[in-house]
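K.L.:
My structure is below; once you've seen it, I'll send some questions.
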Amino acid sequence: MRLRSCVQRSRRSGQWEGVVEFVRVEVEDGIATIRLDRPKMNALNARMQTELIEAAREVTQDTTVSAVILYGGEKVFAAGADIKEMAGMSYAEMSSGHSRLLQDFAKALAGIPKPVIAAVNGYALGGGLEVALTADFRVAGEGAKVGQPEIQLGIIPGAGGTQRLARLIGPARAKDLIFSGRHVPAAEALEIGLVDKVVPDDQVYAAAKEWAATFVGGPAIALRAAKQAIDAGWEVDLGTGLEIERTQFAALFATDDQKEGMRSFVEEGPGKATFTGR
């Protein structure tokens, strides 16, 4: 397993000084794990959010990484933003700075151009659920609880919850969760499409890793194009979405992977191509 060089990278990026505190990136067998590591509840303070931006940048640039797992550990994914840090902020402080950071770290995770799977144990609440919503897929443990309880603090989700949640499960169900602030058990989350798989709590990371492994050795450029076409097309009208798809489709004919994939299909049959990501 390879760990990132926290001191060197932070000095180059200028995002912070010294060793990264709360977010680890581990790479093994083509899979990067972005590990949230701020005990006890992985509360997302400003530094942790900044480190997530750097982690997203790192796994994006690392050509050895085919898929990414977002993971908070065996006990908890993330119980939300750091309320103690935000409680005393003024409107000016929140409007001009912190609210933008909330949006930026979530955008950075959502923008990773590779398959991303959130492995959710325990609580994924507020900002924690918003982290999971940036992933392409979500695997939850049987004992997991997810939700957007910000309304109970007199606020609303601020890291994409009102938008990504509604797009994922529909506006009425999103309003139910956000208006009530209730905690949703894993079985219900699966039923409404908020998570994609539910497994025993002690198998969450293994299940996410098994899923991620299916993308290793795949056509990385085509996977990136598919993700970008789907995500960008979701935001626009059908005609514009079809043009996005057409452009991405045509561009893949400039890649070695397309040549190898079609050559292999014609000569050897489906599923036998060796892709290089070029």
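Following the order of the structure tokens, first chain is A, next is B, and so on, with residues numbered from 1 inside each chain and ligands from 1 in the order they appear.
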Determine, counting only C-alpha atoms, which protein, DNA and RNA residues have an atom within 10 Å of an atom of Glu243 in chain A; residues of the same chain fewer than 5 positions away are not included. Present the result as a list in words.
P.N.:
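Once the nearby chain positions are removed, what remains is Ala229, Gly233, Leu238, Gln248 and Phe249 of chain A.
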K.L.:
Output the selection as a CSV table (one decimal), in the first residue's frame - C-alpha atoms for each residue.
P.N.:
```csv
chain,number,residue,atom,x,y,z
A,229,ALA,CA,-21.4,13.0,-20.1
A,233,GLY,CA,-26.0,16.1,-19.2
A,238,LEU,CA,-32.0,16.8,-23.7
A,248,GLN,CA,-17.4,12.7,-25.9
A,249,PHE,CA,-18.3,9.7,-28.1
```
K.L.:
I want to know what sits within 8 Å of range 116-127 of chain A, based on only C-alpha atoms, with residues of the same chain fewer than 4 positions away left out; could you give that as a PDB file with C-alpha atoms, in the first residue's frame?
P.N.:
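What landed in part-v2.pdb:
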```
ATOM      1  CA  LEU A  44     -15.750  18.200   8.854  1.00  0.00           C
ATOM      2  CA  ALA A  67     -11.193   3.930  -8.902  1.00  0.00           C
ATOM      3  CA  VAL A  68     -11.660   5.715  -5.593  1.00  0.00           C
ATOM      4  CA  ILE A  69     -13.286   4.822  -2.272  1.00  0.00           C
ATOM      5  CA  LEU A  70     -14.480   7.439   0.227  1.00  0.00           C
ATOM      6  CA  TYR A  71     -14.262   5.890   3.702  1.00  0.00           C
ATOM      7  CA  GLY A  72     -14.639   7.121   7.260  1.00  0.00           C
ATOM      8  CA  GLY A  73     -13.693   3.963   9.091  1.00  0.00           C
ATOM      9  CA  GLU A  74     -15.446   1.017  10.723  1.00  0.00           C
ATOM     10  CA  LYS A  75     -17.496   3.054  13.213  1.00  0.00           C
ATOM     11  CA  VAL A  76     -18.605   6.242  11.484  1.00  0.00           C
ATOM     12  CA  PHE A  77     -18.476   7.798   8.022  1.00  0.00           C
ATOM     13  CA  ALA A  78     -18.888  11.433   9.076  1.00  0.00           C
ATOM     14  CA  ALA A  79     -21.405  12.871  11.523  1.00  0.00           C
ATOM     15  CA  GLY A  80     -21.491  16.262   9.830  1.00  0.00           C
ATOM     16  CA  ALA A  81     -19.753  19.613   9.700  1.00  0.00           C
ATOM     17  CA  ILE A 112     -13.022  13.226  -9.658  1.00  0.00           C
ATOM     18  CA  VAL A 131     -19.627  13.774   1.049  1.00  0.00           C
ATOM     19  CA  ALA A 132     -21.301  10.441   0.227  1.00  0.00           C
ATOM     20  CA  ALA A 135     -19.755   9.604  -5.057  1.00  0.00           C
ATOM     21  CA  ASP A 136     -21.081   7.670  -8.030  1.00  0.00           C
ATOM     22  CA  PHE A 137     -22.206   4.797  -5.793  1.00  0.00           C
ATOM     23  CA  ARG A 138     -22.862   4.248  -2.084  1.00  0.00           C
ATOM     24  CA  VAL A 139     -22.391   1.011  -0.109  1.00  0.00           C
ATOM     25  CA  ALA A 140     -23.836   1.139   3.422  1.00  0.00           C
ATOM     26  CA  GLY A 141     -23.643  -1.121   6.427  1.00  0.00           C
ATOM     27  CA  GLY A 143     -26.508  -0.344  10.911  1.00  0.00           C
ATOM     28  CA  ALA A 144     -25.809   2.865   8.994  1.00  0.00           C
ATOM     29  CA  LYS A 145     -27.939   5.969   9.470  1.00  0.00           C
ATOM     30  CA  VAL A 146     -27.991   8.784   6.917  1.00  0.00           C
ATOM     31  CA  GLY A 147     -29.724  12.145   6.852  1.00  0.00           C
ATOM     32  CA  GLN A 148     -29.640  15.923   6.501  1.00  0.00           C
ATOM     33  CA  PRO A 149     -30.443  17.184  10.028  1.00  0.00           C
ATOM     34  CA  GLU A 150     -29.371  20.808   9.421  1.00  0.00           C
ATOM     35  CA  PRO A 157     -27.561  21.791   3.863  1.00  0.00           C
ATOM     36  CA  GLY A 158     -24.738  23.891   2.446  1.00  0.00           C
ATOM     37  CA  ALA A 159     -22.379  21.463   0.693  1.00  0.00           C
ATOM     38  CA  GLY A 161     -27.379  18.499  -0.086  1.00  0.00           C
ATOM     39  CA  HIS A 183     -32.131   9.855  10.396  1.00  0.00           C
ATOM     40  CA  ASP A 201     -21.362  -3.637   8.865  1.00  0.00           C
ATOM     41  CA  VAL A 204     -18.687  -2.428   3.988  1.00  0.00           C
ATOM     42  CA  TYR A 205     -15.138  -1.574   2.982  1.00  0.00           C
ATOM     43  CA  ALA A 208     -16.690  -1.221  -1.821  1.00  0.00           C
ATOM     44  CA  ALA A 212     -13.951  -0.657  -7.218  1.00  0.00           C
TER      45      ALA A 212
END
```
K.L.:
With a distance cut-off of 9 Å and only C-alpha atoms, select the neighbouring residues of range 99-111 of chain A, excluding the residue or stretch itself and same-chain residues fewer than 4 positions from it, and output the selection as a PyMOL selection string.
P.N.:
chain A and resi 46+49-57+60+93-95+116+127+130-131+133-136+158-160+228
K.L.:
Set the distance at 7 Å and use only C-alpha atoms: which residues neighbour range 213-220 of chain A once local chain neighbours fewer than 4 positions away are removed? I'd like the list as a list in words.
P.N.:
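These residues fall inside the cut-off: Gly30, Ser66, Ala67, Lys209, Arg224, Asp257, Phe275 and Gly277 of chain A.
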K.L.:
Can those selected residues be exported to a file as a compact mmCIF listing (two decimals), in the first residue's frame so that it contains N, CA and C atoms?
P.N.:
```
# COMPACT_ATOMS: atom_id res chain seq x y z
N GLY A 30 -4.40 -0.27 -7.74
CA GLY A 30 -5.17 0.59 -8.62
C GLY A 30 -6.35 1.29 -7.98
N SER A 66 -7.39 3.78 -10.69
CA SER A 66 -8.52 3.53 -11.59
C SER A 66 -9.86 3.82 -10.94
N ALA A 67 -9.94 3.70 -9.63
CA ALA A 67 -11.19 3.93 -8.90
C ALA A 67 -10.87 4.43 -7.50
N LYS A 209 -14.47 -2.17 -2.00
CA LYS A 209 -13.22 -2.48 -2.69
C LYS A 209 -13.45 -3.50 -3.81
N ARG A 224 -14.06 7.94 -17.89
CA ARG A 224 -14.09 9.38 -17.60
C ARG A 224 -15.10 10.09 -18.48
N ASP A 257 -7.22 3.09 -26.63
CA ASP A 257 -8.16 2.14 -26.03
C ASP A 257 -9.30 1.79 -26.98
N PHE A 275 -6.58 -2.74 -21.98
CA PHE A 275 -6.60 -1.28 -22.11
C PHE A 275 -5.38 -0.66 -21.44
N GLY A 277 -5.28 2.98 -21.10
CA GLY A 277 -5.62 4.32 -20.61
C GLY A 277 -5.05 5.42 -21.47
```
K.L.:
Between A:Ala166, A:Val20, A:Ala43, A:Ala222, which residue has the minimum interatomic distance to Asp256 in chain A, considering only C-alpha atoms?
P.N.:
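Closest to Asp256 in chain A, using only C-alpha atoms: A:Ala222.
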K.L.:
Using only C-alpha atoms, find the one residue out of A:Gly128, A:Gly88, A:Pro113, A:Gly261 that sits nearest to Asp62 in chain A.
P.N.:
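That would be A:Pro113, the residue with the smallest distance to Asp62 in chain A.
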K.L.:
One number please: CA of Phe22 in chain A to CA of Trp211 in chain A, in Å, one decimal.
P.N.:
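Computing it gives 25.3 Å between the two atoms.
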K.L.:
Run DSSP on the backbone and grab whatever in range 10-251 of chain A lands in helix (DSSP H, G or I); send it over as a PyMOL selection string.
P.N.:
chain A and resi 10-13+46-61+83-86+91-110+127-133+149-153+161-169+171-180+186-191+201-213+220-233+238-251
K.L.:
I'd like the interatomic distance between CA of Ala225 in chain A and CA of Lys114 in chain A, to a tenth of an Å.
P.N.:
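Interatomic distance, CA of Ala225 in chain A to CA of Lys114 in chain A: 9.4 Å.
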